[in-house]
Amino acid sequence: MALPVKTTDFLQETGGISVFTGRFFKEAFKPRYEISEFLRQCFVIGYRSLPLIGLTGFIMGLVLTMQLRPSLIEYGVESQLPAMVGIAIVREIGPVITALIFAGKIGSSIGAELGSMKVTEQIDAMEVSGTNPFKYLVVTRVAASTLMLPILVMISDAISLFGSYIGVNINGITSFPLFYTQVFNNLGFSDVLPAFVKSFFFGFAVGIISCYKGFYSNKGTEGVGQSANSSVVISSITIFVIDLIAVQITNVLNLN
Amino acid sequence: MEAQTIVQPEKKKSNQDVIIIKHLNKSFGSNKVLVDFNINLEKDENLVVMGKSGSGKSVLIKCIIGLLEPDSGTIEIFGRNIPDLDRNELDEIRAKVGFLFQGNALYDSMTVRQNLEFPLRRHWMNVNQPEVNKLVQEALDDVGLKHTINMMPAELSGGMRKRIALARTLILKPEIILYDEPTTGLDPGTAKEIIELIVAIQKKYRSSSLIISHDMNCVRLAADRVVMLIDGRCYAEGTYDSLKKSGDPKIKDLIE
C-alpha cells in the first residue's frame with residue numbers, strides 16, 4: 001500500500017537530508033580543506049549578521065523586561081526582575097530567537113545562493129574547474145554557520161541584557177553594577193552550558209538544511225524561490241524540535 | 001543503427017582521435033536520450049553536433065566532461081575512459097578540456113578577474129601571482145575585453161558575458177574545448193562574432209573543438225564536420241555542404 005503523498009514527501013526529504021548530512025561528515029574531514037572560503041563564509045555569515053542580531057537582541061531584552069515588570073510588581077517581587085530576565089534570555093529566549101532570525105537571514109540567503117548557482121550551472125562550472133563543489137560550497141557554509149551561531153547567541157545575550165538594563169531603568173533606577181550582579185548571581189553553569197551547546201546544533205541544522213535545499217534546487221528561477229523559502233521553514237521547525245530534545249536531555253542530566 | 005554517412009570530410013586533418021565515443025547509452029527513467037551513440041573528435045578539428053532542442057546534445061556533452069554518468073558505453077579522452085576515472089583522475093583530464101556552458105555559468109559573486117583566476121588556482125595550485133596576472137591578461141586580450149577585468153558579471157552584456165566565459169575556458173590552454181550552444185540567447189550579430197572568435201581561437205591554439213549547436217550559422221561557419229543527433233542516435237555525418245545537399249527529410253528538416 002502506497003503511503004500518502006505528503007508522508008512519502010516527508011520521508012524522502014528526511015532521508016535526503018540524512019544522506020546529505022552523512023556526506024558532509026565524510027567530505028569535511030578529507031583534504032583538500034577550503035580554509036580561505038571557510039573564513040570568508042565566517043565573515044559573511046557571522047559578521048554581517050551582527051547588526052540584525054544585535055538590534056533584535058536589544059529589543060527582545062527591553063520588551064521582555066517591560067512586559068514582565070507589571071506582573072512582578074503585582075506579586076511584590078519586582079527586585080527579581082533582572083534575575084528572571086537574565087535566566088529567560090540566557091537559557092531559552094536568546095538562543096532560540098537568535099537561531100530563528102539566523103535561519104531567516106542566513107538560511108534564505110544560502111538556499112537562494114546555492115539554488116541560483118545550481119540553475120545557472122555555476123556548480124557544474126566549479127566541478128569542471130577541478131573543485132569539489134560539495135566541499136567548497138556546502139562544507140564551508142555548514143561549518144561556518146555551526147561555529148558562528150553560538151558566537152552570535154553570546155553577543156545577542158549580552159546585548160539583550162543591556163536592553164533589559166535600559167528597560168529596568170525606564171520605570172525606576174537600578175545601577176549598572178547592581179543589575180549585572182543580580183543577573184550573574186542567579187545564573188549558573190547549568191544555565192549557560194546547555195544553551196551554548198544547543199546553539200551549535202541550531203547552527204548546524206540551519207546550515208545543512210539550507211545547503212541541501214539550495215544544492216538540490218530545480219525548476220529554474222521558481223525553484224530558487226522555493227529553496228529559499230523551504231530553507232527557512234524547515235530550519236525554523238528543526239530549531240524547535242532540537243530545542244525540545246535539548247530540554248529533555250537537560251532534564252535527564254539534572255541540569256535544570 | 002550505424003550513422004548514415006552522407007559524405008566523408010574531404011581531408012582529414014590528422015589521424016589522431018582525441019575523443020572516441022562508442023556505444024553510448026543514457027536514459028532518464030523511460031526516456032532514452034542517447035542510444036548506441038558513436039562519434040570521434042580528431043586533433044585540430046571543429047566538430048559540430050547538431051540536433052533539435054531536447055534531442056540530448058547537452059546530455060552528450062555533460063557525459064563527455066563527466067558531469068553525467070552514462071548508462072553504458074565508453075568515452076575515451078586522450079585514451080582514458082571517463083566513466084572509469086575517480087575524481088582526481090577526472091580533474092587531470094578536465095585541466096586539458098575546456099567547457100563553455102550554455103548559460104556562461106560565470107560566478108555572480110566574483111569579479112571577471114576572480115572568475116578567470118578560479119580554474120587556474122584550482123587546477124594549477126603552484127602557479128604564482130605574476131604568472132596568474134599574465135594569463136588573465138592574455139585570456140582577456142584574446143576575447144578583446146581587457147577593460148572589464150574588475151567588473152562584475154552583472155555589469156556585462158550577454159555577448160560580453162559569453163566572451164568572458166570563453167576567456168575562462170581558454171585560460172588553462174585546453175587541448176580540447178567543448179562548447180554547449182555557444183550562440184544561444186545572442187542577437188545574430190553578436191552570435192556571428194562569437195562564432196568567428198571560436199574559429200580564431202581554434203586556429204591560434206590548434207585546439208580541437210566539439211560544438212553543440214542548432215544554429216545554422218554556427219554550423220556553416222565553424223564546422224569542419226557535422227554530426228546529426230536525431231532520436232538519440234548519430235543519424236548522419238559529413239560536411240555542412242554535403243549535408244545540405246541531402247534529400248533525406250529528417251536531415252533537410254534539421255538543416256533548413
# chains A, B, ... in the order shown; residues from 1 in each chain; ligands from 1

call {"tool": "residues_around", "arguments": {"residues": "Ile166 of chain A", "least_positions_apart": "6", "cutoff": "9 Å", "atoms": "only C-alpha atoms", "output": "JSON, numbers by chain"}}
result
{"A": [61, 62, 65]}

call {"tool": "write_last_selection", "arguments": {"atoms": "N, CA and C atoms", "output": "short mmCIF file (atom, residue, chain, number, x, y, z; two decimals), in the first residue's frame"}}
result
data_model
loop_
_atom_site.label_atom_id
_atom_site.label_comp_id
_atom_site.auth_asym_id
_atom_site.auth_seq_id
_atom_site.Cartn_x
_atom_site.Cartn_y
_atom_site.Cartn_z
N GLY A 61 15.34 42.11 24.82
CA GLY A 61 15.62 42.33 26.25
C GLY A 61 14.78 43.44 26.83
N LEU A 62 14.66 44.52 26.06
CA LEU A 62 13.91 45.69 26.52
C LEU A 62 12.42 45.35 26.68
N THR A 65 11.57 42.82 29.50
CA THR A 65 11.64 43.46 30.81
C THR A 65 10.38 44.30 31.08
#

call {"tool": "residues_around", "arguments": {"residues": "Glu27 of chain A", "least_positions_apart": "3", "cutoff": "12 Å", "atoms": "only C-alpha atoms", "output": "list in words"}}
result
Phe20, Thr21, Gly22, Arg23, Phe24, Lys30, Pro31, Arg32, Tyr33, Glu34, Asn132, Pro133, Phe134, Lys135, Tyr136, Leu137, Val138, Val139, Thr140, Val142 and Ala143 of chain A

call {"tool": "interface_residues", "arguments": {"of": "chain B", "to": "chain A", "cutoff": "10 Å", "atoms": "only C-alpha atoms", "output": "ChimeraX atom specification"}}
result
/B:62,65-67,87-88,90-95,97-109,118-124,168-169,172

call {"tool": "write_last_selection", "arguments": {"atoms": "N, CA and C atoms", "output": "short mmCIF file (atom, residue, chain, number, x, y, z; two decimals), in the first residue's frame"}}
result
data_model
loop_
_atom_site.label_atom_id
_atom_site.label_comp_id
_atom_site.auth_asym_id
_atom_site.auth_seq_id
_atom_site.Cartn_x
_atom_site.Cartn_y
_atom_site.Cartn_z
N LYS B 62 27.71 16.73 -21.43
CA LYS B 62 27.90 16.58 -19.98
C LYS B 62 28.43 15.18 -19.65
N ILE B 65 32.29 15.35 -20.32
CA ILE B 65 33.10 16.03 -19.30
C ILE B 65 32.95 15.38 -17.92
N GLY B 66 32.10 14.38 -17.83
CA GLY B 66 31.96 13.64 -16.57
C GLY B 66 30.97 14.25 -15.59
N LEU B 67 30.11 15.16 -16.07
CA LEU B 67 29.09 15.72 -15.18
C LEU B 67 27.89 14.79 -15.07
N ARG B 87 37.71 10.98 -9.01
CA ARG B 87 37.68 12.45 -9.06
C ARG B 87 39.03 13.05 -9.43
N ASN B 88 40.12 12.55 -8.83
CA ASN B 88 41.44 13.13 -9.11
C ASN B 88 41.87 12.91 -10.56
N LEU B 90 39.84 12.43 -13.02
CA LEU B 90 38.93 13.24 -13.84
C LEU B 90 39.41 14.70 -13.89
N ASP B 91 39.88 15.19 -12.74
CA ASP B 91 40.39 16.58 -12.70
C ASP B 91 41.62 16.76 -13.60
N GLU B 92 42.45 15.72 -13.68
CA GLU B 92 43.63 15.80 -14.57
C GLU B 92 43.17 15.98 -16.02
N ILE B 93 42.14 15.22 -16.40
CA ILE B 93 41.61 15.33 -17.77
C ILE B 93 40.93 16.68 -17.97
N ARG B 94 40.16 17.11 -16.95
CA ARG B 94 39.42 18.36 -17.08
C ARG B 94 40.34 19.57 -17.21
N ALA B 95 41.57 19.45 -16.70
CA ALA B 95 42.53 20.55 -16.86
C ALA B 95 42.91 20.73 -18.33
N VAL B 97 40.68 19.96 -20.81
CA VAL B 97 39.44 20.09 -21.59
C VAL B 97 38.65 21.30 -21.09
N GLY B 98 38.50 22.28 -21.95
CA GLY B 98 37.71 23.46 -21.57
C GLY B 98 36.23 23.22 -21.85
N PHE B 99 35.38 23.88 -21.10
CA PHE B 99 33.93 23.70 -21.28
C PHE B 99 33.27 25.06 -21.23
N LEU B 100 32.61 25.43 -22.33
CA LEU B 100 31.85 26.68 -22.34
C LEU B 100 30.38 26.34 -22.14
N PHE B 101 29.84 26.79 -21.01
CA PHE B 101 28.46 26.45 -20.68
C PHE B 101 27.47 27.29 -21.49
N GLN B 102 26.30 26.69 -21.69
CA GLN B 102 25.26 27.36 -22.47
C GLN B 102 24.88 28.72 -21.86
N GLY B 103 24.73 28.72 -20.53
CA GLY B 103 24.34 29.98 -19.86
C GLY B 103 25.55 30.72 -19.29
N ASN B 104 26.73 30.41 -19.76
CA ASN B 104 28.02 31.01 -19.38
C ASN B 104 28.53 30.54 -18.01
N ALA B 105 27.62 30.42 -17.03
CA ALA B 105 27.98 29.93 -15.69
C ALA B 105 29.10 30.75 -15.04
N LEU B 106 29.08 32.06 -15.26
CA LEU B 106 30.05 32.92 -14.55
C LEU B 106 29.63 33.03 -13.09
N TYR B 107 30.60 33.07 -12.19
CA TYR B 107 30.27 33.15 -10.77
C TYR B 107 29.82 34.58 -10.45
N ASP B 108 28.56 34.71 -10.08
CA ASP B 108 27.96 36.04 -9.86
C ASP B 108 28.66 36.85 -8.79
N SER B 109 29.17 36.14 -7.77
CA SER B 109 29.74 36.86 -6.62
C SER B 109 31.20 37.23 -6.84
N PHE B 118 39.87 31.56 -10.99
CA PHE B 118 39.35 30.40 -10.26
C PHE B 118 39.85 29.06 -10.82
N PRO B 119 39.62 28.77 -12.12
CA PRO B 119 40.10 27.47 -12.62
C PRO B 119 41.62 27.35 -12.58
N LEU B 120 42.32 28.49 -12.75
CA LEU B 120 43.79 28.47 -12.70
C LEU B 120 44.28 27.99 -11.34
N ARG B 121 43.73 28.61 -10.31
CA ARG B 121 44.19 28.31 -8.95
C ARG B 121 43.75 26.92 -8.50
N ARG B 122 42.64 26.43 -9.05
CA ARG B 122 42.16 25.11 -8.64
C ARG B 122 42.94 24.00 -9.36
N HIS B 123 43.23 24.20 -10.64
CA HIS B 123 43.93 23.16 -11.40
C HIS B 123 45.45 23.24 -11.23
N TRP B 124 45.96 24.46 -11.26
CA TRP B 124 47.42 24.64 -11.15
C TRP B 124 47.70 25.31 -9.81
N ARG B 168 37.56 32.39 -19.72
CA ARG B 168 37.77 31.48 -18.58
C ARG B 168 38.08 30.07 -19.06
N THR B 169 37.42 29.69 -20.16
CA THR B 169 37.66 28.36 -20.74
C THR B 169 39.07 28.27 -21.31
N LEU B 172 43.31 27.97 -19.26
CA LEU B 172 44.15 26.80 -18.98
C LEU B 172 44.79 26.24 -20.26
#

call {"tool": "atom_distance", "arguments": {"atom1": "atom CA of Val226 of chain B", "atom2": "atom CA of Ala167 of chain B"}}
result
24.9 Å

call {"tool": "select_by_dssp", "arguments": {"residues": "segment 170-235 of chain B", "states": "alpha helix (DSSP H)", "output": "list in words"}}
result
Leu170, Pro188, Gly189, Thr190, Ala191, Lys192, Glu193, Ile194, Ile195, Glu196, Leu197, Ile198, Val199, Ala200, Ile201, Gln202, Lys203, Lys204, Tyr205, Met216, Asn217, Cys218, Val219, Arg220, Leu221 and Ala222 of chain B

call {"tool": "write_last_selection", "arguments": {"atoms": "N, CA and C atoms", "output": "PDB file, in the first residue's frame"}}
result
ATOM      1  N   LEU B 170      39.525  29.389 -21.883  1.00  0.00           N
ATOM      2  CA  LEU B 170      40.827  29.395 -22.582  1.00  0.00           C
ATOM      3  C   LEU B 170      42.017  29.491 -21.639  1.00  0.00           C
ATOM      4  N   PRO B 188      21.855  38.056 -33.707  1.00  0.00           N
ATOM      5  CA  PRO B 188      22.619  37.463 -34.826  1.00  0.00           C
ATOM      6  C   PRO B 188      24.031  38.048 -34.981  1.00  0.00           C
ATOM      7  N   GLY B 189      24.150  39.360 -34.801  1.00  0.00           N
ATOM      8  CA  GLY B 189      25.468  39.987 -34.957  1.00  0.00           C
ATOM      9  C   GLY B 189      26.460  39.492 -33.923  1.00  0.00           C
ATOM     10  N   THR B 190      26.032  39.476 -32.663  1.00  0.00           N
ATOM     11  CA  THR B 190      26.916  39.020 -31.586  1.00  0.00           C
ATOM     12  C   THR B 190      27.222  37.531 -31.757  1.00  0.00           C
ATOM     13  N   ALA B 191      26.196  36.773 -32.182  1.00  0.00           N
ATOM     14  CA  ALA B 191      26.393  35.335 -32.387  1.00  0.00           C
ATOM     15  C   ALA B 191      27.482  35.103 -33.429  1.00  0.00           C
ATOM     16  N   LYS B 192      27.450  35.904 -34.500  1.00  0.00           N
ATOM     17  CA  LYS B 192      28.449  35.755 -35.571  1.00  0.00           C
ATOM     18  C   LYS B 192      29.851  36.083 -35.033  1.00  0.00           C
ATOM     19  N   GLU B 193      29.915  37.129 -34.185  1.00  0.00           N
ATOM     20  CA  GLU B 193      31.215  37.497 -33.584  1.00  0.00           C
ATOM     21  C   GLU B 193      31.765  36.348 -32.730  1.00  0.00           C
ATOM     22  N   ILE B 194      30.870  35.725 -31.981  1.00  0.00           N
ATOM     23  CA  ILE B 194      31.303  34.620 -31.103  1.00  0.00           C
ATOM     24  C   ILE B 194      31.798  33.436 -31.944  1.00  0.00           C
ATOM     25  N   ILE B 195      31.075  33.159 -33.032  1.00  0.00           N
ATOM     26  CA  ILE B 195      31.490  32.036 -33.897  1.00  0.00           C
ATOM     27  C   ILE B 195      32.868  32.326 -34.505  1.00  0.00           C
ATOM     28  N   GLU B 196      33.043  33.563 -34.969  1.00  0.00           N
ATOM     29  CA  GLU B 196      34.350  33.938 -35.551  1.00  0.00           C
ATOM     30  C   GLU B 196      35.455  33.841 -34.511  1.00  0.00           C
ATOM     31  N   LEU B 197      35.108  34.212 -33.287  1.00  0.00           N
ATOM     32  CA  LEU B 197      36.081  34.121 -32.191  1.00  0.00           C
ATOM     33  C   LEU B 197      36.464  32.653 -31.928  1.00  0.00           C
ATOM     34  N   ILE B 198      35.462  31.781 -31.947  1.00  0.00           N
ATOM     35  CA  ILE B 198      35.710  30.349 -31.728  1.00  0.00           C
ATOM     36  C   ILE B 198      36.667  29.808 -32.803  1.00  0.00           C
ATOM     37  N   VAL B 199      36.418  30.192 -34.049  1.00  0.00           N
ATOM     38  CA  VAL B 199      37.256  29.724 -35.158  1.00  0.00           C
ATOM     39  C   VAL B 199      38.678  30.288 -35.012  1.00  0.00           C
ATOM     40  N   ALA B 200      38.756  31.581 -34.648  1.00  0.00           N
ATOM     41  CA  ALA B 200      40.074  32.215 -34.498  1.00  0.00           C
ATOM     42  C   ALA B 200      40.863  31.548 -33.368  1.00  0.00           C
ATOM     43  N   ILE B 201      40.180  31.249 -32.286  1.00  0.00           N
ATOM     44  CA  ILE B 201      40.842  30.617 -31.133  1.00  0.00           C
ATOM     45  C   ILE B 201      41.330  29.224 -31.503  1.00  0.00           C
ATOM     46  N   GLN B 202      40.495  28.512 -32.247  1.00  0.00           N
ATOM     47  CA  GLN B 202      40.892  27.152 -32.655  1.00  0.00           C
ATOM     48  C   GLN B 202      42.156  27.212 -33.513  1.00  0.00           C
ATOM     49  N   LYS B 203      42.216  28.222 -34.375  1.00  0.00           N
ATOM     50  CA  LYS B 203      43.405  28.357 -35.231  1.00  0.00           C
ATOM     51  C   LYS B 203      44.621  28.763 -34.411  1.00  0.00           C
ATOM     52  N   LYS B 204      44.416  29.698 -33.481  1.00  0.00           N
ATOM     53  CA  LYS B 204      45.549  30.208 -32.694  1.00  0.00           C
ATOM     54  C   LYS B 204      46.142  29.125 -31.796  1.00  0.00           C
ATOM     55  N   TYR B 205      45.287  28.411 -31.098  1.00  0.00           N
ATOM     56  CA  TYR B 205      45.783  27.444 -30.108  1.00  0.00           C
ATOM     57  C   TYR B 205      45.840  26.011 -30.649  1.00  0.00           C
ATOM     58  N   MET B 216      22.322  27.346 -37.449  1.00  0.00           N
ATOM     59  CA  MET B 216      22.876  27.015 -38.767  1.00  0.00           C
ATOM     60  C   MET B 216      24.085  27.878 -39.124  1.00  0.00           C
ATOM     61  N   ASN B 217      24.087  29.133 -38.670  1.00  0.00           N
ATOM     62  CA  ASN B 217      25.251  29.989 -38.927  1.00  0.00           C
ATOM     63  C   ASN B 217      26.491  29.420 -38.263  1.00  0.00           C
ATOM     64  N   CYS B 218      26.299  28.931 -37.057  1.00  0.00           N
ATOM     65  CA  CYS B 218      27.407  28.341 -36.301  1.00  0.00           C
ATOM     66  C   CYS B 218      27.938  27.116 -37.049  1.00  0.00           C
ATOM     67  N   VAL B 219      27.011  26.297 -37.520  1.00  0.00           N
ATOM     68  CA  VAL B 219      27.392  25.073 -38.244  1.00  0.00           C
ATOM     69  C   VAL B 219      28.134  25.454 -39.529  1.00  0.00           C
ATOM     70  N   ARG B 220      27.581  26.407 -40.248  1.00  0.00           N
ATOM     71  CA  ARG B 220      28.132  26.798 -41.539  1.00  0.00           C
ATOM     72  C   ARG B 220      29.533  27.401 -41.400  1.00  0.00           C
ATOM     73  N   LEU B 221      29.694  28.260 -40.398  1.00  0.00           N
ATOM     74  CA  LEU B 221      30.958  28.990 -40.282  1.00  0.00           C
ATOM     75  C   LEU B 221      32.048  28.221 -39.526  1.00  0.00           C
ATOM     76  N   ALA B 222      31.630  27.380 -38.579  1.00  0.00           N
ATOM     77  CA  ALA B 222      32.645  26.790 -37.686  1.00  0.00           C
ATOM     78  C   ALA B 222      32.980  25.335 -37.985  1.00  0.00           C
TER      79      ALA B 222
END
